[in-house]
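Chemist: The file below is run.cif, mmCIF, C-alpha atoms:
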```cif
data_coords
#
loop_
_atom_site.group_PDB
_atom_site.id
_atom_site.type_symbol
_atom_site.label_atom_id
_atom_site.label_comp_id
_atom_site.auth_asym_id
_atom_site.auth_seq_id
_atom_site.Cartn_x
_atom_site.Cartn_y
_atom_site.Cartn_z
ATOM 1 C CA MET P 1 22.571 6.619 18.844
ATOM 2 C CA LYS P 2 22.885 10.274 17.888
ATOM 3 C CA PHE P 3 21.668 9.392 14.395
ATOM 4 C CA LYS P 4 18.652 7.584 15.855
ATOM 5 C CA ILE P 5 17.631 10.565 17.990
ATOM 6 C CA LEU P 6 18.051 12.929 15.018
ATOM 7 C CA SER P 7 15.917 10.723 12.754
ATOM 8 C CA LEU P 8 13.244 10.347 15.451
ATOM 9 C CA PHE P 9 13.163 14.148 15.654
ATOM 10 C CA PHE P 10 12.633 14.418 11.896
ATOM 11 C CA ILE P 11 9.936 11.737 11.987
ATOM 12 C CA VAL P 12 8.047 13.613 14.712
ATOM 13 C CA ILE P 13 8.324 16.837 12.665
ATOM 14 C CA THR P 14 6.893 15.034 9.627
ATOM 15 C CA GLY P 15 4.027 13.682 11.742
ATOM 16 C CA ILE P 16 3.183 17.158 13.049
ATOM 17 C CA ILE P 17 3.140 18.569 9.505
ATOM 18 C CA LEU P 18 0.893 15.734 8.302
ATOM 19 C CA ILE P 19 -1.538 16.173 11.232
ATOM 20 C CA TYR P 20 -1.659 19.906 10.464
ATOM 21 C CA GLY P 21 -2.591 18.999 6.888
ATOM 22 C CA VAL P 22 -5.393 16.676 8.054
ATOM 23 C CA ALA P 23 -7.322 19.676 9.429
ATOM 24 C CA GLY P 24 -8.273 20.662 5.874
ATOM 25 C CA MET P 25 -9.477 17.223 4.790
ATOM 26 C CA PRO P 26 -13.181 16.271 4.608
ATOM 27 C CA ASP P 27 -14.657 14.003 7.296
ATOM 28 C CA LEU P 28 -14.664 10.232 6.941
ATOM 29 C CA ALA P 29 -17.598 8.902 4.854
ATOM 30 C CA ASP P 30 -18.881 12.361 4.006
ATOM 31 C CA PRO P 31 -21.203 12.047 0.957
ATOM 32 C CA ASP P 32 -20.562 15.677 -0.079
ATOM 33 C CA SER P 33 -16.768 15.517 -0.044
ATOM 34 C CA PRO P 34 -15.034 17.164 -3.032
ATOM 35 C CA ALA P 35 -13.776 13.828 -4.346
ATOM 36 C CA SER P 36 -17.281 12.427 -4.765
ATOM 37 C CA ARG P 37 -19.018 15.541 -6.123
ATOM 38 C CA HIS P 38 -17.128 16.440 -9.243
ATOM 39 C CA VAL P 39 -16.392 13.579 -11.636
ATOM 40 C CA SER P 40 -17.615 10.387 -9.987
ATOM 41 C CA PRO P 41 -21.402 11.007 -10.497
ATOM 42 C CA GLU P 42 -20.727 11.142 -14.252
ATOM 43 C CA TYR P 43 -19.054 7.756 -14.116
ATOM 44 C CA ILE P 44 -21.765 6.242 -11.910
ATOM 45 C CA GLN P 45 -24.612 7.444 -14.147
ATOM 46 C CA ASN P 46 -23.063 6.630 -17.520
ATOM 47 C CA THR P 47 -21.253 3.303 -17.071
ATOM 48 C CA TYR P 48 -24.150 1.036 -17.947
ATOM 49 C CA LYS P 49 -25.176 3.187 -20.898
ATOM 50 C CA ASP P 50 -21.656 3.215 -22.341
ATOM 51 C CA ALA P 51 -20.282 -0.237 -21.629
ATOM 52 C CA HIS P 52 -23.210 -2.470 -20.518
ATOM 53 C CA THR P 53 -21.312 -3.770 -17.489
ATOM 54 C CA PRO P 54 -22.808 -3.411 -14.019
ATOM 55 C CA ASN P 55 -19.410 -3.271 -12.307
ATOM 56 C CA MET P 56 -18.220 0.334 -12.421
ATOM 57 C CA VAL P 57 -14.634 -0.365 -11.380
ATOM 58 C CA THR P 58 -13.909 -2.668 -14.312
ATOM 59 C CA THR P 59 -15.623 -0.296 -16.712
ATOM 60 C CA ILE P 60 -13.516 2.671 -15.630
ATOM 61 C CA LEU P 61 -10.345 0.558 -15.532
ATOM 62 C CA ALA P 62 -10.708 -0.991 -18.973
ATOM 63 C CA ASP P 63 -12.876 1.443 -20.949
ATOM 64 C CA TYR P 64 -12.564 5.023 -19.769
ATOM 65 C CA ARG P 65 -8.970 4.679 -18.583
ATOM 66 C CA GLY P 66 -7.712 2.002 -20.936
ATOM 67 C CA TYR P 67 -4.519 3.867 -21.800
ATOM 68 C CA ASP P 68 -3.757 4.114 -18.087
ATOM 69 C CA THR P 69 -3.964 0.339 -17.821
ATOM 70 C CA LEU P 70 -1.792 0.007 -20.928
ATOM 71 C CA GLY P 71 0.870 2.148 -19.245
ATOM 72 C CA GLU P 72 0.634 -0.020 -16.131
ATOM 73 C CA THR P 73 1.242 -3.094 -18.269
ATOM 74 C CA THR P 74 4.334 -1.371 -19.690
ATOM 75 C CA VAL P 75 5.591 -0.826 -16.141
ATOM 76 C CA ILE P 76 5.135 -4.514 -15.287
ATOM 77 C CA PHE P 77 6.893 -5.515 -18.514
ATOM 78 C CA THR P 78 9.836 -3.224 -17.751
ATOM 79 C CA ALA P 79 10.091 -4.618 -14.216
ATOM 80 C CA GLY P 80 10.077 -8.190 -15.523
ATOM 81 C CA ILE P 81 12.787 -7.424 -18.100
ATOM 82 C CA ALA P 82 14.870 -5.696 -15.407
ATOM 83 C CA CYS P 83 14.575 -8.718 -13.067
ATOM 84 C CA ILE P 84 15.575 -11.128 -15.844
ATOM 85 C CA LEU P 85 18.581 -9.019 -16.869
ATOM 86 C CA LEU P 86 19.726 -8.625 -13.251
ATOM 87 C CA LEU P 87 19.411 -12.291 -12.281
ATOM 88 C CA LYS P 88 20.606 -13.762 -15.596
ATOM 89 C CA ASN P 89 24.228 -14.357 -14.604
ATOM 90 C CA LEU P 90 23.559 -15.284 -10.978
ATOM 91 C CA LYS P 91 25.190 -18.736 -11.199
ATOM 92 C CA GLY P 92 28.331 -17.563 -12.998
ATOM 93 C CA ARG P 93 29.054 -14.684 -10.607
ATOM 94 C CA LYS P 94 31.816 -15.154 -8.053
ATOM 95 C CA SER P 95 30.289 -15.541 -4.600
ATOM 96 C CA HIS P 96 31.786 -13.866 -1.558
ATOM 97 C CA ASP P 97 31.727 -15.901 1.662
ATOM 98 C CA MET G 1 -10.114 18.248 19.741
ATOM 99 C CA ILE G 2 -12.275 15.205 20.549
ATOM 100 C CA ASP G 3 -14.478 16.064 17.586
ATOM 101 C CA PHE G 4 -11.409 16.252 15.354
ATOM 102 C CA ILE G 5 -10.295 12.769 16.464
ATOM 103 C CA VAL G 6 -13.759 11.195 16.147
ATOM 104 C CA THR G 7 -14.586 12.515 12.671
ATOM 105 C CA LYS G 8 -11.108 12.122 11.150
ATOM 106 C CA TYR G 9 -9.675 9.087 12.953
ATOM 107 C CA ASN G 10 -8.909 7.377 9.629
ATOM 108 C CA TYR G 11 -6.384 10.037 8.621
ATOM 109 C CA LEU G 12 -4.632 9.814 11.993
ATOM 110 C CA PHE G 13 -4.375 6.033 11.605
ATOM 111 C CA TYR G 14 -2.784 6.385 8.166
ATOM 112 C CA ILE G 15 -0.331 8.951 9.475
ATOM 113 C CA VAL G 16 0.748 6.502 12.199
ATOM 114 C CA LEU G 17 1.231 3.728 9.608
ATOM 115 C CA PHE G 18 3.146 6.095 7.313
ATOM 116 C CA LEU G 19 5.462 7.113 10.155
ATOM 117 C CA ILE G 20 6.119 3.452 11.069
ATOM 118 C CA GLY G 21 7.213 2.813 7.480
ATOM 119 C CA PHE G 22 9.268 6.006 7.412
ATOM 120 C CA TYR G 23 11.006 5.009 10.669
ATOM 121 C CA ALA G 24 11.851 1.585 9.234
ATOM 122 C CA ILE G 25 13.308 3.144 6.084
ATOM 123 C CA ILE G 26 15.476 5.666 7.916
ATOM 124 C CA VAL G 27 16.631 3.939 11.114
ATOM 125 C CA LYS G 28 16.807 0.184 10.384
ATOM 126 C CA LYS G 29 20.184 -0.993 9.105
ATOM 127 C CA ASN G 30 19.047 -4.191 7.374
ATOM 128 C CA LEU G 31 18.041 -3.757 3.735
ATOM 129 C CA VAL G 32 15.166 -6.262 3.849
ATOM 130 C CA LYS G 33 13.755 -4.301 6.783
ATOM 131 C CA LYS G 34 13.924 -1.180 4.620
ATOM 132 C CA VAL G 35 11.975 -2.953 1.882
ATOM 133 C CA ILE G 36 9.349 -4.000 4.457
ATOM 134 C CA GLY G 37 9.100 -0.376 5.600
ATOM 135 C CA MET G 38 8.610 0.765 2.005
ATOM 136 C CA ASN G 39 5.784 -1.759 1.634
ATOM 137 C CA ILE G 40 4.058 -0.483 4.795
ATOM 138 C CA MET G 41 4.368 3.127 3.606
ATOM 139 C CA GLN G 42 2.843 2.383 0.194
ATOM 140 C CA THR G 43 -0.003 0.443 1.788
ATOM 141 C CA SER G 44 -0.817 3.371 4.059
ATOM 142 C CA ILE G 45 -1.036 5.716 1.069
ATOM 143 C CA ILE G 46 -3.351 3.286 -0.733
ATOM 144 C CA LEU G 47 -5.526 3.062 2.390
ATOM 145 C CA PHE G 48 -5.727 6.863 2.493
ATOM 146 C CA TYR G 49 -7.026 6.978 -1.071
ATOM 147 C CA VAL G 50 -9.554 4.180 -0.535
ATOM 148 C CA SER G 51 -10.968 5.919 2.534
ATOM 149 C CA ILE G 52 -11.560 9.086 0.485
ATOM 150 C CA GLY G 53 -14.050 7.119 -1.608
ATOM 151 C CA CYS G 54 -16.175 6.099 1.402
ATOM 152 C CA LYS G 55 -19.762 7.353 1.656
ATOM 153 C CA LYS G 56 -22.200 7.015 4.497
ATOM 154 C CA ASP G 57 -24.914 4.393 3.681
ATOM 155 C CA GLY G 58 -23.328 3.770 0.293
ATOM 156 C CA THR G 59 -23.286 0.326 -1.276
ATOM 157 C CA LEU G 60 -20.554 -1.322 -3.363
ATOM 158 C CA PRO G 61 -19.788 0.240 -6.782
ATOM 159 C CA ILE G 62 -21.738 -2.441 -8.665
ATOM 160 C CA LEU G 63 -25.094 -1.444 -10.160
ATOM 161 C CA LEU G 64 -28.191 -2.961 -8.583
ATOM 162 C CA ASP G 65 -30.722 -4.721 -10.812
ATOM 163 C CA SER G 66 -33.305 -2.016 -10.189
ATOM 164 C CA ASP G 67 -30.943 0.664 -11.490
ATOM 165 C CA LEU G 68 -29.814 -1.096 -14.673
ATOM 166 C CA HIS G 69 -32.293 0.540 -17.009
ATOM 167 C CA SER G 70 -33.253 3.654 -15.095
ATOM 168 C CA HIS G 71 -32.127 6.943 -16.572
ATOM 169 C CA ALA G 72 -31.459 8.925 -13.415
ATOM 170 C CA ILE G 73 -29.255 6.960 -11.040
ATOM 171 C CA ASP G 74 -28.779 8.473 -7.598
ATOM 172 C CA ALA G 75 -24.993 8.892 -7.351
ATOM 173 C CA GLY G 76 -25.071 9.170 -3.553
ATOM 174 C CA LYS G 77 -26.211 5.556 -3.257
ATOM 175 C CA TYR G 78 -22.946 4.076 -4.570
ATOM 176 C CA LEU G 79 -19.379 4.455 -3.324
ATOM 177 C CA ASN G 80 -16.974 6.571 -5.337
ATOM 178 C CA PRO G 81 -15.376 4.116 -7.824
ATOM 179 C CA LEU G 82 -12.534 6.366 -9.022
ATOM 180 C CA PRO G 83 -10.076 5.929 -6.071
ATOM 181 C CA HIS G 84 -10.545 2.146 -6.272
ATOM 182 C CA VAL G 85 -9.476 2.157 -9.934
ATOM 183 C CA LEU G 86 -6.412 4.311 -9.300
ATOM 184 C CA MET G 87 -5.353 2.127 -6.368
ATOM 185 C CA LEU G 88 -5.700 -1.095 -8.397
ATOM 186 C CA THR G 89 -2.950 0.335 -10.617
ATOM 187 C CA ALA G 90 -0.899 1.371 -7.576
ATOM 188 C CA ILE G 91 -0.978 -2.123 -6.005
ATOM 189 C CA VAL G 92 0.343 -3.772 -9.157
ATOM 190 C CA VAL G 93 3.100 -1.154 -9.520
ATOM 191 C CA MET G 94 3.964 -1.773 -5.832
ATOM 192 C CA VAL G 95 4.647 -5.445 -6.495
ATOM 193 C CA ALA G 96 6.761 -4.582 -9.565
ATOM 194 C CA THR G 97 8.890 -2.263 -7.402
ATOM 195 C CA LEU G 98 9.220 -4.990 -4.778
ATOM 196 C CA GLY G 99 10.419 -7.519 -7.364
ATOM 197 C CA VAL G 100 13.157 -5.254 -8.761
ATOM 198 C CA ALA G 101 14.279 -4.262 -5.241
ATOM 199 C CA LEU G 102 14.613 -7.900 -4.177
ATOM 200 C CA ALA G 103 16.542 -8.763 -7.360
ATOM 201 C CA VAL G 104 19.032 -5.983 -6.567
ATOM 202 C CA LEU G 105 19.270 -7.255 -2.960
ATOM 203 C CA ILE G 106 20.133 -10.796 -4.118
ATOM 204 C CA LEU G 107 22.854 -9.414 -6.402
ATOM 205 C CA MET G 108 24.277 -7.303 -3.557
ATOM 206 C CA TYR G 109 24.422 -10.324 -1.279
ATOM 207 C CA LYS G 110 26.234 -12.384 -3.915
ATOM 208 C CA GLN G 111 28.749 -9.601 -4.448
ATOM 209 C CA TYR G 112 29.465 -8.442 -0.881
ATOM 210 C CA GLY G 113 28.155 -11.223 1.384
ATOM 211 C CA THR G 114 26.080 -9.059 3.702
ATOM 212 C CA LEU G 115 22.814 -7.150 3.853
ATOM 213 C CA GLU G 116 23.611 -4.791 6.738
ATOM 214 C CA GLU G 117 24.066 -1.229 5.626
ATOM 215 C CA ASP G 118 27.142 -0.326 7.722
ATOM 216 C CA GLU G 119 29.099 -3.502 6.868
ATOM 217 C CA LEU G 120 28.174 -2.998 3.232
ATOM 218 C CA LEU G 121 29.615 0.526 3.244
ATOM 219 C CA LYS G 122 32.844 -0.817 4.828
ATOM 220 C CA ARG G 123 33.222 -3.590 2.242
ATOM 221 C CA ILE G 124 32.556 -1.311 -0.714
ATOM 222 C CA LYS G 125 35.532 0.890 0.265
ATOM 223 C CA MET C 1 -18.820 0.828 6.986
ATOM 224 C CA ILE C 2 -19.097 -0.424 10.565
ATOM 225 C CA THR C 3 -17.027 1.686 12.945
ATOM 226 C CA PRO C 4 -16.288 -0.851 15.776
ATOM 227 C CA PHE C 5 -15.243 -3.496 13.243
ATOM 228 C CA ASN C 6 -13.048 -0.868 11.581
ATOM 229 C CA PHE C 7 -11.356 -0.062 14.890
ATOM 230 C CA ILE C 8 -10.625 -3.718 15.728
ATOM 231 C CA ILE C 9 -9.021 -4.376 12.339
ATOM 232 C CA MET C 10 -7.014 -1.140 12.586
ATOM 233 C CA ILE C 11 -5.564 -2.286 15.928
ATOM 234 C CA PHE C 12 -4.593 -5.653 14.385
ATOM 235 C CA VAL C 13 -2.960 -3.858 11.442
ATOM 236 C CA LEU C 14 -0.956 -1.614 13.772
ATOM 237 C CA ILE C 15 0.246 -4.590 15.849
ATOM 238 C CA CYS C 16 1.293 -6.440 12.685
ATOM 239 C CA ALA C 17 3.151 -3.398 11.310
ATOM 240 C CA ILE C 18 5.087 -2.761 14.530
ATOM 241 C CA THR C 19 5.962 -6.457 14.921
ATOM 242 C CA ALA C 20 7.086 -6.764 11.300
ATOM 243 C CA ILE C 21 9.749 -4.091 11.714
ATOM 244 C CA THR C 22 10.919 -5.009 15.234
ATOM 245 C CA VAL C 23 11.327 -8.816 15.029
ATOM 246 C CA LYS C 24 14.931 -9.915 14.457
ATOM 247 C CA ASP C 25 14.396 -13.021 12.309
ATOM 248 C CA LEU C 26 13.776 -11.930 8.726
ATOM 249 C CA LEU C 27 11.615 -14.934 7.787
ATOM 250 C CA SER C 28 9.242 -14.182 10.683
ATOM 251 C CA ALA C 29 9.158 -10.536 9.626
ATOM 252 C CA VAL C 30 8.125 -11.520 6.104
ATOM 253 C CA VAL C 31 5.406 -13.904 7.299
ATOM 254 C CA ILE C 32 4.060 -11.208 9.639
ATOM 255 C CA LEU C 33 4.065 -8.830 6.654
ATOM 256 C CA GLY C 34 1.866 -11.358 4.824
ATOM 257 C CA ALA C 35 -0.531 -11.339 7.780
ATOM 258 C CA TYR C 36 -0.444 -7.521 7.654
ATOM 259 C CA SER C 37 -1.435 -7.622 3.991
ATOM 260 C CA PHE C 38 -4.365 -9.915 4.744
ATOM 261 C CA PHE C 39 -5.635 -7.672 7.536
ATOM 262 C CA MET C 40 -5.302 -4.702 5.185
ATOM 263 C CA CYS C 41 -7.321 -6.605 2.585
ATOM 264 C CA LEU C 42 -10.012 -7.253 5.222
ATOM 265 C CA LEU C 43 -10.073 -3.534 6.046
ATOM 266 C CA TRP C 44 -10.571 -2.628 2.384
ATOM 267 C CA ALA C 45 -13.335 -5.198 1.921
ATOM 268 C CA GLU C 46 -14.986 -3.658 4.965
ATOM 269 C CA MET C 47 -14.658 -0.167 3.458
ATOM 270 C CA GLY C 48 -16.441 -1.338 0.288
ATOM 271 C CA ALA C 49 -13.493 -1.580 -2.087
ATOM 272 C CA VAL C 50 -13.941 -5.230 -3.067
ATOM 273 C CA ASP C 51 -11.879 -5.089 -6.267
ATOM 274 C CA VAL C 52 -8.938 -3.551 -4.434
ATOM 275 C CA ALA C 53 -9.354 -6.153 -1.677
ATOM 276 C CA PHE C 54 -9.089 -9.175 -3.913
ATOM 277 C CA THR C 55 -6.262 -7.683 -5.937
ATOM 278 C CA GLU C 56 -4.366 -7.107 -2.701
ATOM 279 C CA ALA C 57 -5.151 -10.626 -1.455
ATOM 280 C CA SER C 58 -3.830 -12.250 -4.619
ATOM 281 C CA VAL C 59 -1.051 -9.912 -5.698
ATOM 282 C CA SER C 60 0.462 -8.286 -2.640
ATOM 283 C CA SER C 61 -0.006 -10.917 0.038
ATOM 284 C CA GLY C 62 0.407 -13.849 -2.352
ATOM 285 C CA ILE C 63 3.052 -12.990 -4.924
ATOM 286 C CA GLY C 64 4.769 -10.387 -2.720
ATOM 287 C CA THR C 65 5.229 -12.814 0.172
ATOM 288 C CA ILE C 66 6.502 -15.528 -2.182
ATOM 289 C CA LEU C 67 9.032 -13.110 -3.737
ATOM 290 C CA MET C 68 10.324 -12.058 -0.326
ATOM 291 C CA VAL C 69 10.586 -15.657 0.953
ATOM 292 C CA VAL C 70 12.576 -16.628 -2.152
ATOM 293 C CA ALA C 71 14.876 -13.619 -1.676
ATOM 294 C CA ILE C 72 15.484 -14.558 1.965
ATOM 295 C CA ILE C 73 16.195 -18.205 1.067
ATOM 296 C CA LYS C 74 18.741 -17.000 -1.491
ATOM 297 C CA THR C 75 20.410 -14.571 0.941
ATOM 298 C CA THR C 76 20.365 -14.816 4.745
ATOM 299 C CA ARG C 77 17.849 -15.033 7.584
ATOM 300 C CA ARG C 78 19.807 -13.158 10.213
ATOM 301 C CA SER C 79 19.623 -9.452 10.856
ATOM 302 C CA LYS C 80 21.118 -7.245 13.534
ATOM 303 C CA ASP C 81 18.049 -5.117 14.191
#
```
Could you express the structure from this file as structure tokens?

Modeler:
Amino acid sequence: MKFKILSLFFIVITGIILIYGVAGMPDLADPDSPASRHVSPEYIQNTYKDAHTPNMVTTILADYRGYDTLGETTVIFTAGIACILLLKNLKGRKSHD
Amino acid sequence: MIDFIVTKYNYLFYIVLFLIGFYAIIVKKNLVKKVIGMNIMQTSIILFYVSIGCKKDGTLPILLDSDLHSHAIDAGKYLNPLPHVLMLTAIVVMVATLGVALAVLILMYKQYGTLEEDELLKRIK
Amino acid sequence: MITPFNFIIMIFVLICAITAITVKDLLSAVVILGAYSFFMCLLWAEMGAVDVAFTEASVSSGIGTILMVVAIIKTTRRSKD
């Protein structure tokens, strides 16, 4: 019970800090927000010229940021190998009832 | 205050979701509940990023037929595609994390016969 | 983006999240988490992120729910909180 009250206290503190941080964020759906002024117009204007695909998301995912996607594939591969190695000897292990 | 809530209600919603996940991770004793809390937390972060890419009166990030061969495309007409790309990667990594966590949970249950945190600590001793 | 639609889906998402961590039966919690993922996917489609929405619908609420159901079948359904 004491632990629960202490953790609720910490959670409320975290919430207050996060709400304080929200005050510096741009408004919702603001066309002039910093995220959509700097690099995204370049992508929007050049995707069809560079890759001849109308869908910008696939172009950025597979062309401009192809190495990023390659790294993601490595992560999935590592996770699959880890699952196989962990669950390989599941039948032979002694079970505890 | 009212203006703050009306123009930034999305951020407040994500903070509430994040705190629900945080509460589940800290307070709940069951390990599957902790994994569910982790899932909720990651989803709230992804939602935060996707809402950054929103634009008023913007259409989907797929080029219209009229813009295919024009040289000066108005960037304000389309949503920001960059957060969508980053979050596609994050969703897939999220499921990889979930798979490894559940594999470890199954092994722990086979070894110790429980998934509650306090009983588990007792049986490890 | 349509603000009233956004609000309604956000309320559904909140209800699903709170129910998923308070219900005692783990299988119900996992199924409610699948419903949560689908509402989240609806929210993203409404915000304009269609690629993220269909990735979430297939990967997180499909494969994720299946993985969790298999883990619960292999372990136990009961939980104390």

Chemist: Which residues of chain C are close to chain G, meaning at most 9 Å apart when you count all atoms listed in the file, and how do they look as an MDAnalysis selection string?

Modeler: chainID C and resid 1 10 13:14 17:18 20:22 26 29:30 33 36:37 40 43:44 47:52 55:56 59:60 63:64 67:68 71:72 74:76 79:81

Chemist: I need the residues from that last selection saved to file as a PDB file, in the frame of the given file (with C-alpha atoms), if you can.

Modeler:
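Result written to result13.pdb:
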```pdb
ATOM      1  CA  MET C   1     -18.820   0.828   6.986  1.00  0.00           C
ATOM      2  CA  MET C  10      -7.014  -1.140  12.586  1.00  0.00           C
ATOM      3  CA  VAL C  13      -2.960  -3.858  11.442  1.00  0.00           C
ATOM      4  CA  LEU C  14      -0.956  -1.614  13.772  1.00  0.00           C
ATOM      5  CA  ALA C  17       3.151  -3.398  11.310  1.00  0.00           C
ATOM      6  CA  ILE C  18       5.087  -2.761  14.530  1.00  0.00           C
ATOM      7  CA  ALA C  20       7.086  -6.764  11.300  1.00  0.00           C
ATOM      8  CA  ILE C  21       9.749  -4.091  11.714  1.00  0.00           C
ATOM      9  CA  THR C  22      10.919  -5.009  15.234  1.00  0.00           C
ATOM     10  CA  LEU C  26      13.776 -11.930   8.726  1.00  0.00           C
ATOM     11  CA  ALA C  29       9.158 -10.536   9.626  1.00  0.00           C
ATOM     12  CA  VAL C  30       8.125 -11.520   6.104  1.00  0.00           C
ATOM     13  CA  LEU C  33       4.065  -8.830   6.654  1.00  0.00           C
ATOM     14  CA  TYR C  36      -0.444  -7.521   7.654  1.00  0.00           C
ATOM     15  CA  SER C  37      -1.435  -7.622   3.991  1.00  0.00           C
ATOM     16  CA  MET C  40      -5.302  -4.702   5.185  1.00  0.00           C
ATOM     17  CA  LEU C  43     -10.073  -3.534   6.046  1.00  0.00           C
ATOM     18  CA  TRP C  44     -10.571  -2.628   2.384  1.00  0.00           C
ATOM     19  CA  MET C  47     -14.658  -0.167   3.458  1.00  0.00           C
ATOM     20  CA  GLY C  48     -16.441  -1.338   0.288  1.00  0.00           C
ATOM     21  CA  ALA C  49     -13.493  -1.580  -2.087  1.00  0.00           C
ATOM     22  CA  VAL C  50     -13.941  -5.230  -3.067  1.00  0.00           C
ATOM     23  CA  ASP C  51     -11.879  -5.089  -6.267  1.00  0.00           C
ATOM     24  CA  VAL C  52      -8.938  -3.551  -4.434  1.00  0.00           C
ATOM     25  CA  THR C  55      -6.262  -7.683  -5.937  1.00  0.00           C
ATOM     26  CA  GLU C  56      -4.366  -7.107  -2.701  1.00  0.00           C
ATOM     27  CA  VAL C  59      -1.051  -9.912  -5.698  1.00  0.00           C
ATOM     28  CA  SER C  60       0.462  -8.286  -2.640  1.00  0.00           C
ATOM     29  CA  ILE C  63       3.052 -12.990  -4.924  1.00  0.00           C
ATOM     30  CA  GLY C  64       4.769 -10.387  -2.720  1.00  0.00           C
ATOM     31  CA  LEU C  67       9.032 -13.110  -3.737  1.00  0.00           C
ATOM     32  CA  MET C  68      10.324 -12.058  -0.326  1.00  0.00           C
ATOM     33  CA  ALA C  71      14.876 -13.619  -1.676  1.00  0.00           C
ATOM     34  CA  ILE C  72      15.484 -14.558   1.965  1.00  0.00           C
ATOM     35  CA  LYS C  74      18.741 -17.000  -1.491  1.00  0.00           C
ATOM     36  CA  THR C  75      20.410 -14.571   0.941  1.00  0.00           C
ATOM     37  CA  THR C  76      20.365 -14.816   4.745  1.00  0.00           C
ATOM     38  CA  SER C  79      19.623  -9.452  10.856  1.00  0.00           C
ATOM     39  CA  LYS C  80      21.118  -7.245  13.534  1.00  0.00           C
ATOM     40  CA  ASP C  81      18.049  -5.117  14.191  1.00  0.00           C
TER      41      ASP C  81
END
```

Chemist: Evaluate the PyMOL selection byres ((chain P) within 6 of (chain G)) here and jot the selected residues down as a ChimeraX atom specification.

Modeler: /P:27-31,36,41,45,54-57,61,76,79,83,95-97

Chemist: Would you mind exporting the chosen residues as a short mmCIF file (atom, residue, chain, number, x, y, z; two decimals), in the coordinates of the input, restricted to C-alpha atoms?

Modeler:
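Saved the output as out01.cif:
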```
data_model
loop_
_atom_site.label_atom_id
_atom_site.label_comp_id
_atom_site.auth_asym_id
_atom_site.auth_seq_id
_atom_site.Cartn_x
_atom_site.Cartn_y
_atom_site.Cartn_z
CA ASP P 27 -14.66 14.00 7.30
CA LEU P 28 -14.66 10.23 6.94
CA ALA P 29 -17.60 8.90 4.85
CA ASP P 30 -18.88 12.36 4.01
CA PRO P 31 -21.20 12.05 0.96
CA SER P 36 -17.28 12.43 -4.76
CA PRO P 41 -21.40 11.01 -10.50
CA GLN P 45 -24.61 7.44 -14.15
CA PRO P 54 -22.81 -3.41 -14.02
CA ASN P 55 -19.41 -3.27 -12.31
CA MET P 56 -18.22 0.33 -12.42
CA VAL P 57 -14.63 -0.36 -11.38
CA LEU P 61 -10.34 0.56 -15.53
CA ILE P 76 5.14 -4.51 -15.29
CA ALA P 79 10.09 -4.62 -14.22
CA CYS P 83 14.58 -8.72 -13.07
CA SER P 95 30.29 -15.54 -4.60
CA HIS P 96 31.79 -13.87 -1.56
CA ASP P 97 31.73 -15.90 1.66
#
```

Chemist: Grab the CA of Leu90 in chain P to CA of Lys24 in chain C distance for me, in Å with one decimal place.

Modeler: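 We find that CA of Leu90 in chain P and CA of Lys24 in chain C lie 27.4 Å from each other.
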
Chemist: Of the candidates P:Ala82, P:Leu8, P:Leu87, P:Ile13, which one gets nearest to chain C if we count only C-alpha atoms?

Modeler: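 Using only C-alpha atoms, chain C sits closest to P:Leu87.
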
Chemist: Work out how far apart CA of Ile2 in chain G and CA of Tyr20 in chain P are and give it in Å to one decimal.

Modeler: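 Result for CA of Ile2 in chain G versus CA of Tyr20 in chain P: 15.4 Å, one decimal.
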
Chemist: Between CA of Ala51 in chain P and CA of Asp63 in chain P, what is the distance, to one decimal in Å?

Modeler: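 Separating CA of Ala51 in chain P from CA of Asp63 in chain P is a distance of 7.6 Å.
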
Chemist: Check the smallest atom-to-atom distance from each of P:Gly15, P:Thr58, P:Gly66, P:Ile44 to chain C using all atoms listed in the file, then report the winner.

Modeler: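 Of the candidates, the smallest distance to chain C is held by P:Thr58.
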
Chemist: Write a file for range 44-51 of chain P of the given structure; include N, CA and C atoms and format it as a PDB file, in the first residue's frame.

Modeler:
```
ATOM      1  N   ILE P  44       8.821  16.454 -50.070  1.00  0.00           N
ATOM      2  CA  ILE P  44       7.553  16.521 -50.809  1.00  0.00           C
ATOM      3  C   ILE P  44       7.796  16.970 -52.240  1.00  0.00           C
ATOM      4  N   GLN P  45       8.724  17.924 -52.459  1.00  0.00           N
ATOM      5  CA  GLN P  45       8.907  18.448 -53.811  1.00  0.00           C
ATOM      6  C   GLN P  45       9.758  17.543 -54.685  1.00  0.00           C
ATOM      7  N   ASN P  46      10.631  16.722 -54.084  1.00  0.00           N
ATOM      8  CA  ASN P  46      11.573  15.976 -54.915  1.00  0.00           C
ATOM      9  C   ASN P  46      11.263  14.497 -55.080  1.00  0.00           C
ATOM     10  N   THR P  47      10.242  13.969 -54.376  1.00  0.00           N
ATOM     11  CA  THR P  47      10.053  12.510 -54.441  1.00  0.00           C
ATOM     12  C   THR P  47       9.737  12.040 -55.847  1.00  0.00           C
ATOM     13  N   TYR P  48       8.831  12.722 -56.543  1.00  0.00           N
ATOM     14  CA  TYR P  48       8.461  12.191 -57.856  1.00  0.00           C
ATOM     15  C   TYR P  48       9.591  12.349 -58.856  1.00  0.00           C
ATOM     16  N   LYS P  49      10.380  13.411 -58.695  1.00  0.00           N
ATOM     17  CA  LYS P  49      11.517  13.595 -59.612  1.00  0.00           C
ATOM     18  C   LYS P  49      12.561  12.508 -59.398  1.00  0.00           C
ATOM     19  N   ASP P  50      12.787  12.124 -58.148  1.00  0.00           N
ATOM     20  CA  ASP P  50      13.870  11.180 -57.849  1.00  0.00           C
ATOM     21  C   ASP P  50      13.465   9.736 -58.040  1.00  0.00           C
ATOM     22  N   ALA P  51      12.249   9.372 -57.628  1.00  0.00           N
ATOM     23  CA  ALA P  51      11.928   7.944 -57.585  1.00  0.00           C
ATOM     24  C   ALA P  51      10.732   7.552 -58.437  1.00  0.00           C
TER      25      ALA P  51
END
```
